[in-house]
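**Student:** Structure in structure tokens, see below.
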Amino acid sequence: MRIRASSSLFTLPNADEVQKRLRFHAAGPGQDPALIVAELDGAGWPGARFGGLLMVFNGAGEAREFSVPGNWRLHPVHAAKQAADKRVAAEVRKAKAGALRVPAWGAVVFVR
């Protein structure tokens with residue numbers, strides 16, 4: 001809930017705004033079928049607090065690593081000492097340079 005409350009991008013008012021701002025990555029013929037990687041662009045949106053949000057859902061039983069253009073960092077709620085799922089920050093730290101990594105069965109938000 002703290003992640004959802006952190007940005008007005010999670011409560012866009014209508015389908016038109018969602019379609020303007022939502023983009024899927026890691027899609028196409030070479031995609032990893034276990035990953036859903038969606039970006040919400042925050043440019044110019046009131047209350048966005050971030051330039052963008054990258055939401056990653058890993059449906060695999062093992063961690064996954066992938067690349068997405070941009071300077072992404074772990075959402076502050078995931079990065080906090082009191083984070084509910086400590087696996088998230090631990091997996092992100094294991095990522096190779098220029099890549100992002102998410103834990104098995106994980107839902108992770110990155111920000112830019």
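All residue names refer to the structure tokens as shown: chains lettered A, B, ... in order, residues numbered from 1 in each chain, ligands numbered from 1 in order.
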Write out as number ranges by chain which residues come within 9 Å of Glu91 of chain A when counting only C-alpha atoms, dropping same-chain ones fewer than 2 positions away.

**Tutor:** A: 63, 86-89, 93-95, 100-103

**Student:** Write out as a VMD selection string all residues of chain A that DSSP puts in strand (DSSP E) for this structure's backbone.

**Tutor:** chain A and resid 22 to 25 35 to 41 52 to 58 64 to 66 73 to 74 100 to 102 107 to 111

**Student:** For Phe24 of chain A, please output as a ChimeraX atom specification all residues within 7 Å (counting only C-alpha atoms; exclusion window: fewer than 5 positions along the same chain).

**Tutor:** /A:37-39

**Student:** Mind giving me the straight-line distance from atom CA of Ser8 of chain A to atom CA of Ala48 of chain A in Å, one decimal?

**Tutor:** 5.0 Å

**Student:** Assign secondary structure with DSSP using the backbone only, and return the residues of segment 1-34 of chain A in helix (DSSP H, G or I) as a list in words.

**Tutor:**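 Listing helix (DSSP H, G or I) positions across segment 1-34 of chain A yields Arg2, Ile3, Arg4, Ala5, Ser8, Leu9, Phe10, Thr11, Ala15, Asp16, Glu17, Val18, Gln19, Lys20 and Arg21 of chain A.
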
**Student:** Go ahead and dump the residues you just picked, N, CA and C atoms, as a short mmCIF file (atom, residue, chain, number, x, y, z; two decimals), in the first residue's frame.

**Tutor:**
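So part-v2.cif came out as:
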```cif
data_model
loop_
_atom_site.label_atom_id
_atom_site.label_comp_id
_atom_site.auth_asym_id
_atom_site.auth_seq_id
_atom_site.Cartn_x
_atom_site.Cartn_y
_atom_site.Cartn_z
N ARG A 2 2.03 1.21 0.66
CA ARG A 2 2.89 2.40 0.68
C ARG A 2 3.44 2.70 -0.71
N ILE A 3 3.71 1.66 -1.47
CA ILE A 3 4.18 1.91 -2.83
C ILE A 3 3.07 2.55 -3.65
N ARG A 4 1.88 2.01 -3.57
CA ARG A 4 0.74 2.58 -4.33
C ARG A 4 0.50 4.03 -3.94
N ALA A 5 0.62 4.34 -2.67
CA ALA A 5 0.38 5.71 -2.20
C ALA A 5 1.52 6.67 -2.55
N SER A 8 0.98 9.39 -7.80
CA SER A 8 -0.34 9.52 -8.43
C SER A 8 -0.42 8.73 -9.75
N LEU A 9 0.71 8.23 -10.24
CA LEU A 9 0.69 7.40 -11.45
C LEU A 9 -0.09 6.11 -11.25
N PHE A 10 -0.20 5.66 -10.00
CA PHE A 10 -0.95 4.43 -9.71
C PHE A 10 -2.46 4.65 -9.74
N THR A 11 -2.87 5.92 -9.85
CA THR A 11 -4.31 6.23 -9.85
C THR A 11 -4.65 7.16 -11.02
N ALA A 15 -8.71 5.77 -19.05
CA ALA A 15 -7.99 4.89 -19.99
C ALA A 15 -7.07 5.67 -20.93
N ASP A 16 -7.48 6.87 -21.33
CA ASP A 16 -6.64 7.68 -22.22
C ASP A 16 -5.28 7.98 -21.57
N GLU A 17 -5.29 8.37 -20.31
CA GLU A 17 -4.03 8.67 -19.61
C GLU A 17 -3.19 7.40 -19.45
N VAL A 18 -3.83 6.29 -19.16
CA VAL A 18 -3.10 5.02 -19.04
C VAL A 18 -2.43 4.69 -20.38
N GLN A 19 -3.18 4.80 -21.47
CA GLN A 19 -2.63 4.46 -22.78
C GLN A 19 -1.49 5.39 -23.18
N LYS A 20 -1.55 6.65 -22.79
CA LYS A 20 -0.49 7.60 -23.11
C LYS A 20 0.80 7.28 -22.34
N ARG A 21 0.66 6.78 -21.12
CA ARG A 21 1.80 6.66 -20.22
C ARG A 21 2.33 5.24 -20.03
#
```

**Student:** With only C-alpha atoms as the counted atoms, please give the residues lying no more than 12 Å from Gly51 of chain A, apart from itself and same-chain residues fewer than 4 positions off, as a list in words.

**Tutor:** Ser7, Ser8, Leu9, Arg21, Glu39, Leu40, Asp41, Gly42, Ala43, Gly44, Trp45, Pro46, Gly47, Gly70, Asn71, Trp72, Arg73, Phe110, Val111 and Arg112 of chain A

**Student:** Would you mind reading off the distance between atom CA of Leu53 of chain A and atom CA of Leu22 of chain A, one decimal, in Å?

**Tutor:**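 For atom CA of Leu53 of chain A relative to atom CA of Leu22 of chain A, the distance reads 9.6 Å.
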
**Student:** State, in Å with one decimal place, the distance from atom CA of Asp85 of chain A to atom CA of Ala60 of chain A.

**Tutor:**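 Going from atom CA of Asp85 of chain A over to atom CA of Ala60 of chain A covers 16.8 Å.
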
**Student:** Do a neighbour search on Val108 of chain A at 9 Å with only C-alpha atoms, toss out local chain neighbours closer than 3 positions, and write the hits as number ranges by chain.

**Tutor:** A: 54-58, 74-75, 78, 88, 102-103

**Student:** Can you tell me, as JSON, numbers by chain, what residues are no more than 10 Å from Pro69 of chain A when counting only C-alpha atoms, ignoring any on the same chain fewer than 5 positions away?

**Tutor:** {"A": [25, 98, 99]}
